[in-house]
Amino acid sequence: MNAMLETSELPAVFDGVKLAAVAAVLYVIVRCLNLKSPTAPPDLYFQDSGLSRFLLKSCPLLTKEYIPPLIWGKSGHIQTALYGKMGRVRSPHPYGQRKFITMSDGATSTFDLFEPLAEHCVGDDITMVICPGIANHSEKQYIRTFVDYAQKNGYRCAVLNHLGALPNIELTSPRMFTYGCTWEFGAMVNYIKKTYPLTQLVVVGFSLGGNIVCKYLGETQANQENVLCCVSVCQGYSALRAQETFMQWDQCRRFYNFLMADNMKKIILSHRQALFGDHVKKPQSLEDSDLSRLYMATSLMQIDDNVMRKFHGYNSLKEYYEEESCMRYLHRIYVPLMLVNAADDPLVHESLLTIPKSLSEKRENVMFVLPLHGGHLGFFEGSVLFPEPLTWMDKLVVEYADAVCQWERSKLQCSDAEQGEAALEQADV
């Protein structure tokens, strides 16, 4: 009798185990996909001014909810992984012309130039000068998608190809792009100013490119001439402060660090002859033993210490990071500046976000935009599973640029009206 009772209870026990297993799996899915996280408008940090009030009125995306794809869009890791693996979905192929500039040290810098496909909303000649993320170039899908959208909204686009990033362009000097070198970006901007003397500039930087464009603008006041505004997306602001967080396993940053280091090694080694060949006049601090250390490197910091800093003669990694980070230049930027980060970006530690927050509390020209979701350069939108080709980031950058152009036009019209009234008063006298 007891045996019969025990046998009848076994199925119930197994059903309970199955139910518990299913519940555990669902719990892990909910946690990993962050499904309980709410959707909300981005957090905004700014000083109350005429410009900020105009931006809030003219940029609906600043005050509307950013709604990522329902199933996976609230996971910063998945947003980042999708950006890193496929860039964008159904990416267009804008047509541009490749330009070549010979630098003073013999390096050959390239950028791609894309003409506007429509008239700009204010009718002016506006050029977006764009600096992509680490080891990126104009052929990356997220860049192609953004350029196509900007062209259709009346912007000429010039996109820097980081020195050494394009696989079909050989290095012509023993140097490649570094974390904060602005030489190639500055050469591209000067070319645009010379070729289109009436154009006005909108400066845009993504990730590492955000550091470069902000540093460029802050290096000298002359670099801000003819610049309407600047937008930086998903940068970390201080490599010196970021290096410690990049070695932590929190949010898998150490794993991302390894992946990016591995990609950087492949790019550097693809230019082995140009950088380390016997015929090459290498920087004095760059030795053959550094090539051996490069093979063993598992982090960006090791690569920067053994190779990258030596391209510019820095004596230590600390000096390199201090001098090449835009943090010490941000307060010298006087044009409207929008800094965008995602709160769930696994690459940018939350402690680094105190830098743009603090800056926006002191400077009227700065607005810091912090959505809950988006990952690192993801910002995908969509209903349930499949993302849209155009991202929230693409639309926000163009919307902000349009608003600043309209703001500048309204200021000019007000100034003309005031001058006209003054002239009439003087005539009456």
# chains A, B, ... in the order shown; residues from 1 in each chain; ligands from 1
$ residues_around --residues "A:Met301" --least-positions-apart "6" --cutoff "10 Å" --atoms "only C-alpha atoms" --output "PDB file with N, CA, C and O atoms, in the first residue's frame"
ATOM      1  N   ALA A 239      40.288  58.656 -20.644  1.00  0.00           N
ATOM      2  CA  ALA A 239      40.893  57.324 -20.740  1.00  0.00           C
ATOM      3  C   ALA A 239      41.611  56.960 -19.447  1.00  0.00           C
ATOM      4  O   ALA A 239      41.680  55.785 -19.078  1.00  0.00           O
ATOM      5  N   LEU A 240      42.155  57.967 -18.757  1.00  0.00           N
ATOM      6  CA  LEU A 240      42.868  57.708 -17.515  1.00  0.00           C
ATOM      7  C   LEU A 240      41.935  57.133 -16.462  1.00  0.00           C
ATOM      8  O   LEU A 240      42.275  56.179 -15.759  1.00  0.00           O
ATOM      9  N   GLN A 243      40.495  53.454 -17.635  1.00  0.00           N
ATOM     10  CA  GLN A 243      41.338  52.263 -17.728  1.00  0.00           C
ATOM     11  C   GLN A 243      41.117  51.301 -16.566  1.00  0.00           C
ATOM     12  O   GLN A 243      41.150  50.085 -16.745  1.00  0.00           O
ATOM     13  N   GLU A 244      40.870  51.815 -15.376  1.00  0.00           N
ATOM     14  CA  GLU A 244      40.610  50.938 -14.233  1.00  0.00           C
ATOM     15  C   GLU A 244      39.307  50.179 -14.412  1.00  0.00           C
ATOM     16  O   GLU A 244      39.229  48.978 -14.130  1.00  0.00           O
ATOM     17  N   PHE A 246      37.893  49.392 -17.163  1.00  0.00           N
ATOM     18  CA  PHE A 246      37.996  48.463 -18.278  1.00  0.00           C
ATOM     19  C   PHE A 246      38.645  47.135 -17.883  1.00  0.00           C
ATOM     20  O   PHE A 246      38.571  46.158 -18.635  1.00  0.00           O
ATOM     21  N   MET A 247      39.277  47.104 -16.726  1.00  0.00           N
ATOM     22  CA  MET A 247      39.882  45.862 -16.264  1.00  0.00           C
ATOM     23  C   MET A 247      38.967  45.113 -15.294  1.00  0.00           C
ATOM     24  O   MET A 247      39.339  44.078 -14.762  1.00  0.00           O
ATOM     25  N   ASN A 257      36.897  44.512 -23.426  1.00  0.00           N
ATOM     26  CA  ASN A 257      38.267  45.006 -23.552  1.00  0.00           C
ATOM     27  C   ASN A 257      39.123  44.022 -24.349  1.00  0.00           C
ATOM     28  O   ASN A 257      39.868  44.406 -25.256  1.00  0.00           O
ATOM     29  N   ALA A 261      40.763  44.701 -27.986  1.00  0.00           N
ATOM     30  CA  ALA A 261      42.214  44.568 -28.085  1.00  0.00           C
ATOM     31  C   ALA A 261      42.592  43.586 -29.191  1.00  0.00           C
ATOM     32  O   ALA A 261      43.540  43.822 -29.953  1.00  0.00           O
ATOM     33  N   VAL A 307      52.678  50.232 -27.757  1.00  0.00           N
ATOM     34  CA  VAL A 307      52.768  50.687 -29.145  1.00  0.00           C
ATOM     35  C   VAL A 307      52.210  52.100 -29.348  1.00  0.00           C
ATOM     36  O   VAL A 307      52.936  53.009 -29.768  1.00  0.00           O
ATOM     37  N   MET A 308      50.936  52.305 -29.053  1.00  0.00           N
ATOM     38  CA  MET A 308      50.233  53.504 -29.509  1.00  0.00           C
ATOM     39  C   MET A 308      50.825  54.798 -28.952  1.00  0.00           C
ATOM     40  O   MET A 308      50.989  55.776 -29.693  1.00  0.00           O
ATOM     41  N   LEU A 317      52.089  55.691 -20.087  1.00  0.00           N
ATOM     42  CA  LEU A 317      50.667  55.530 -20.423  1.00  0.00           C
ATOM     43  C   LEU A 317      49.839  56.609 -19.744  1.00  0.00           C
ATOM     44  O   LEU A 317      48.897  57.136 -20.323  1.00  0.00           O
ATOM     45  N   TYR A 321      47.325  59.133 -21.737  1.00  0.00           N
ATOM     46  CA  TYR A 321      45.896  59.235 -21.481  1.00  0.00           C
ATOM     47  C   TYR A 321      45.491  60.620 -21.008  1.00  0.00           C
ATOM     48  O   TYR A 321      44.421  61.134 -21.370  1.00  0.00           O
TER      49      TYR A 321
END
$ residues_around --residues "A:Arg293" --least-positions-apart "3" --cutoff "12 Å" --atoms "only C-alpha atoms" --output "CSV table (one decimal) with all heavy atoms, in the first residue's frame"
chain,number,residue,atom,x,y,z
A,265,LYS,N,44.9,44.5,-32.4
A,265,LYS,CA,46.1,43.7,-32.8
A,265,LYS,C,46.0,43.3,-34.2
A,265,LYS,O,47.1,43.4,-34.9
A,265,LYS,CB,46.2,42.5,-31.9
A,265,LYS,CG,46.7,42.7,-30.5
A,265,LYS,CD,47.3,41.5,-29.8
A,265,LYS,CE,46.2,40.5,-29.6
A,265,LYS,NZ,46.7,39.3,-28.8
A,286,LEU,N,60.0,53.3,-30.0
A,286,LEU,CA,59.4,52.1,-30.5
A,286,LEU,C,60.5,51.0,-30.9
A,286,LEU,O,61.3,51.3,-31.8
A,286,LEU,CB,58.5,52.4,-31.7
A,286,LEU,CG,57.5,51.3,-32.2
A,286,LEU,CD1,56.5,50.9,-31.1
A,286,LEU,CD2,56.8,51.7,-33.4
A,287,GLU,N,60.5,49.9,-30.2
A,287,GLU,CA,61.5,48.9,-30.4
A,287,GLU,C,60.9,47.6,-31.0
A,287,GLU,O,59.7,47.4,-30.9
A,287,GLU,CB,62.2,48.6,-29.1
A,287,GLU,CG,62.8,49.8,-28.4
A,287,GLU,CD,63.3,49.5,-27.0
A,287,GLU,OE1,63.1,48.4,-26.5
A,287,GLU,OE2,64.0,50.4,-26.4
A,288,ASP,N,61.8,46.8,-31.5
A,288,ASP,CA,61.3,45.5,-32.1
A,288,ASP,C,60.7,44.6,-31.0
A,288,ASP,O,59.8,43.8,-31.3
A,288,ASP,CB,62.5,44.8,-32.7
A,288,ASP,CG,63.0,45.5,-34.0
A,288,ASP,OD1,62.2,46.2,-34.6
A,288,ASP,OD2,64.2,45.3,-34.3
A,289,SER,N,61.1,44.8,-29.8
A,289,SER,CA,60.6,43.9,-28.7
A,289,SER,C,59.1,44.3,-28.4
A,289,SER,O,58.3,43.5,-27.9
A,289,SER,CB,61.4,44.1,-27.4
A,289,SER,OG,61.4,45.5,-27.0
A,290,ASP,N,58.7,45.5,-28.8
A,290,ASP,CA,57.3,45.9,-28.6
A,290,ASP,C,56.4,45.1,-29.5
A,290,ASP,O,55.2,44.9,-29.1
A,290,ASP,CB,57.1,47.4,-29.0
A,290,ASP,CG,57.8,48.3,-28.0
A,290,ASP,OD1,57.8,48.0,-26.8
A,290,ASP,OD2,58.4,49.3,-28.4
A,296,MET,N,51.3,39.3,-27.2
A,296,MET,CA,50.8,38.8,-25.9
A,296,MET,C,49.8,39.7,-25.3
A,296,MET,O,49.2,39.3,-24.3
A,296,MET,CB,52.0,38.8,-25.0
A,296,MET,CG,53.2,37.9,-25.5
A,296,MET,SD,52.7,36.2,-25.6
A,296,MET,CE,52.5,35.7,-23.9
A,297,ALA,N,49.5,40.9,-25.8
A,297,ALA,CA,48.5,41.8,-25.2
A,297,ALA,C,47.1,41.3,-25.2
A,297,ALA,O,46.7,40.7,-26.2
A,297,ALA,CB,48.6,43.1,-25.9
A,298,THR,N,46.4,41.5,-24.1
A,298,THR,CA,45.0,41.1,-24.0
A,298,THR,C,44.1,42.2,-23.6
A,298,THR,O,42.9,42.0,-23.3
A,298,THR,CB,44.9,40.0,-22.9
A,298,THR,OG1,45.3,40.5,-21.6
A,298,THR,CG2,45.7,38.7,-23.3
A,299,SER,N,44.7,43.4,-23.6
A,299,SER,CA,43.8,44.6,-23.3
A,299,SER,C,44.3,45.8,-24.1
A,299,SER,O,45.4,45.9,-24.6
A,299,SER,CB,43.9,44.9,-21.8
A,299,SER,OG,45.2,45.5,-21.5
A,302,GLN,N,47.4,47.6,-22.6
A,302,GLN,CA,48.7,47.0,-22.9
A,302,GLN,C,49.1,47.4,-24.3
A,302,GLN,O,50.3,47.7,-24.6
A,302,GLN,CB,48.6,45.5,-22.8
A,302,GLN,CG,48.5,45.0,-21.4
A,302,GLN,CD,48.2,43.5,-21.4
A,302,GLN,OE1,47.6,42.9,-22.3
A,302,GLN,NE2,48.7,42.8,-20.3
A,303,ILE,N,48.2,47.4,-25.3
A,303,ILE,CA,48.5,47.9,-26.6
A,303,ILE,C,48.9,49.4,-26.7
A,303,ILE,O,49.9,49.8,-27.3
A,303,ILE,CB,47.4,47.6,-27.6
A,303,ILE,CG1,47.1,46.1,-27.7
A,303,ILE,CG2,47.6,48.2,-29.0
A,303,ILE,CD1,45.9,45.7,-28.5
A,304,ASP,N,48.2,50.2,-25.9
A,304,ASP,CA,48.5,51.6,-25.9
A,304,ASP,C,49.8,51.8,-25.3
A,304,ASP,O,50.6,52.7,-25.7
A,304,ASP,CB,47.4,52.3,-25.1
A,304,ASP,CG,46.1,52.5,-25.8
A,304,ASP,OD1,46.1,52.3,-27.0
A,304,ASP,OD2,45.1,52.7,-25.2
A,305,ASP,N,50.2,51.1,-24.2
A,305,ASP,CA,51.4,51.3,-23.5
A,305,ASP,C,52.6,50.8,-24.3
A,305,ASP,O,53.7,51.5,-24.4
A,305,ASP,CB,51.4,50.5,-22.2
A,305,ASP,CG,52.5,50.9,-21.3
A,305,ASP,OD1,53.1,52.1,-21.4
A,305,ASP,OD2,52.9,50.2,-20.4
A,306,ASN,N,52.5,49.7,-25.0
A,306,ASN,CA,53.6,49.1,-25.8
A,306,ASN,C,53.8,49.7,-27.2
A,306,ASN,O,54.9,49.7,-27.7
A,306,ASN,CB,53.4,47.6,-25.9
A,306,ASN,CG,53.6,46.9,-24.6
A,306,ASN,OD1,54.4,47.2,-23.8
A,306,ASN,ND2,52.7,45.9,-24.3
A,307,VAL,N,52.7,50.2,-27.8
A,307,VAL,CA,52.8,50.7,-29.1
A,307,VAL,C,52.2,52.1,-29.3
A,307,VAL,O,52.9,53.0,-29.8
A,307,VAL,CB,52.0,49.7,-30.1
A,307,VAL,CG1,52.1,50.2,-31.5
A,307,VAL,CG2,52.6,48.3,-30.0
$ select_by_dssp --residues "stretch 227-334 of chain A" --states "strand (DSSP E)" --output "PyMOL selection string"
chain A and resi 227-233
$ closest_residue --among "A:Pro356, A:Pro38, A:Pro346, A:Pro371" --to "A:Thr80" --atoms "only C-alpha atoms"
A:Pro346
$ closest_residue --among "A:Tyr149, A:Tyr83, A:Tyr237, A:Tyr400" --to "A:Lys215" --atoms "only C-alpha atoms"
A:Tyr237
$ closest_residue --among "A:Trp392, A:Tyr155, A:Trp249, A:Tyr329" --to "A:Val122" --atoms "only C-alpha atoms"
A:Tyr155
$ closest_residue --among "A:Leu372, A:Leu44, A:Met176, A:Leu35" --to "A:Lys357" --atoms "only C-alpha atoms"
A:Leu44
$ closest_residue --among "A:Arg241, A:Lys281, A:Lys362, A:Lys85" --to "A:Leu259" --atoms "only C-alpha atoms"
A:Lys85
$ select_by_dssp --residues "stretch 234-410 of chain A" --states "helix (DSSP H, G or I)" --output "PyMOL selection string"
chain A and resi 239-246+250-270+272-276+289-296+300-306+308-312+317-324+326-328+330-332+350-362+392-410
$ atom_distance --atom1 "atom CA of A:Thr245" --atom2 "atom CA of A:Glu323"
19.1 Å
$ closest_residue --among "A:Tyr256, A:Phe114, A:Tyr45, A:Phe54" --to "A:Lys411" --atoms "only C-alpha atoms"
A:Phe54
$ residues_around --residues "A:Met393" --least-positions-apart "3" --cutoff "9 Å" --atoms "only C-alpha atoms" --output "PyMOL selection string"
chain A and resi 146+233+340+374+377-380+390+396-398
$ residues_around --residues "A:Asp402" --least-positions-apart "3" --cutoff "9 Å" --atoms "only C-alpha atoms" --output "list in words"
Ser58, Cys59, His120, Cys121, Val122, Asn153, Val397, Val398, Glu399, Cys405, Gln406 and Trp407 of chain A
$ residues_around --residues "stretch 132-138 of chain A" --least-positions-apart "4" --cutoff "7 Å" --atoms "only C-alpha atoms" --output "ChimeraX atom specification"
/A:112,143-144,159-162,165-166,205-209
$ write_last_selection --atoms "N, CA, C and O atoms" --output "CSV table (one decimal), in the first residue's frame"
chain,number,residue,atom,x,y,z
A,112,ASP,N,35.8,60.4,-46.8
A,112,ASP,CA,34.8,60.3,-47.9
A,112,ASP,C,33.8,61.4,-47.8
A,112,ASP,O,33.4,61.8,-46.7
A,143,ILE,N,27.7,54.1,-39.9
A,143,ILE,CA,28.1,55.3,-40.5
A,143,ILE,C,27.3,55.5,-41.8
A,143,ILE,O,26.7,56.6,-42.1
A,144,ARG,N,27.1,54.5,-42.6
A,144,ARG,CA,26.4,54.6,-43.8
A,144,ARG,C,24.9,55.0,-43.6
A,144,ARG,O,24.4,55.8,-44.3
A,159,VAL,N,33.3,62.2,-43.9
A,159,VAL,CA,33.6,61.1,-42.9
A,159,VAL,C,35.0,60.7,-42.9
A,159,VAL,O,35.6,60.3,-43.9
A,160,LEU,N,35.7,60.9,-41.8
A,160,LEU,CA,37.1,60.5,-41.6
A,160,LEU,C,37.2,59.0,-41.6
A,160,LEU,O,36.5,58.3,-41.0
A,161,ASN,N,38.2,58.5,-42.4
A,161,ASN,CA,38.6,57.1,-42.3
A,161,ASN,C,39.9,57.1,-41.4
A,161,ASN,O,40.9,57.6,-41.8
A,162,HIS,N,39.7,56.5,-40.2
A,162,HIS,CA,40.9,56.5,-39.3
A,162,HIS,C,42.1,55.9,-39.9
A,162,HIS,O,42.0,54.9,-40.6
A,165,ALA,N,42.7,52.1,-40.7
A,165,ALA,CA,41.5,51.4,-40.5
A,165,ALA,C,41.0,50.7,-41.7
A,165,ALA,O,40.4,49.6,-41.7
A,166,LEU,N,41.1,51.4,-42.9
A,166,LEU,CA,40.7,50.8,-44.2
A,166,LEU,C,41.7,49.7,-44.6
A,166,LEU,O,42.9,50.0,-44.8
A,205,GLY,N,30.9,63.2,-33.5
A,205,GLY,CA,31.8,62.1,-33.1
A,205,GLY,C,31.1,61.0,-32.4
A,205,GLY,O,30.3,61.2,-31.6
A,206,PHE,N,31.5,59.8,-32.8
A,206,PHE,CA,30.9,58.6,-32.2
A,206,PHE,C,32.0,57.8,-31.4
A,206,PHE,O,33.1,57.5,-32.0
A,207,SER,N,31.7,57.5,-30.2
A,207,SER,CA,32.6,56.8,-29.3
A,207,SER,C,34.0,57.4,-29.3
A,207,SER,O,34.1,58.6,-28.9
A,208,LEU,N,35.1,56.7,-29.7
A,208,LEU,CA,36.4,57.3,-29.7
A,208,LEU,C,36.4,58.6,-30.5
A,208,LEU,O,37.1,59.6,-30.2
A,209,GLY,N,35.6,58.7,-31.6
A,209,GLY,CA,35.5,59.9,-32.4
A,209,GLY,C,34.9,61.0,-31.6
A,209,GLY,O,35.3,62.2,-31.9
$ residues_around --residues "stretch 66-70 of chain A" --least-positions-apart "4" --cutoff "7 Å" --atoms "only C-alpha atoms" --output "VMD selection string"
chain A and resid 39 to 41 74 380 to 385 387
$ atom_distance --atom1 "atom CA of A:Val404" --atom2 "atom CA of A:Met367"
12.3 Å
$ atom_distance --atom1 "atom CA of A:Arg254" --atom2 "atom CA of A:Leu300"
10.1 Å
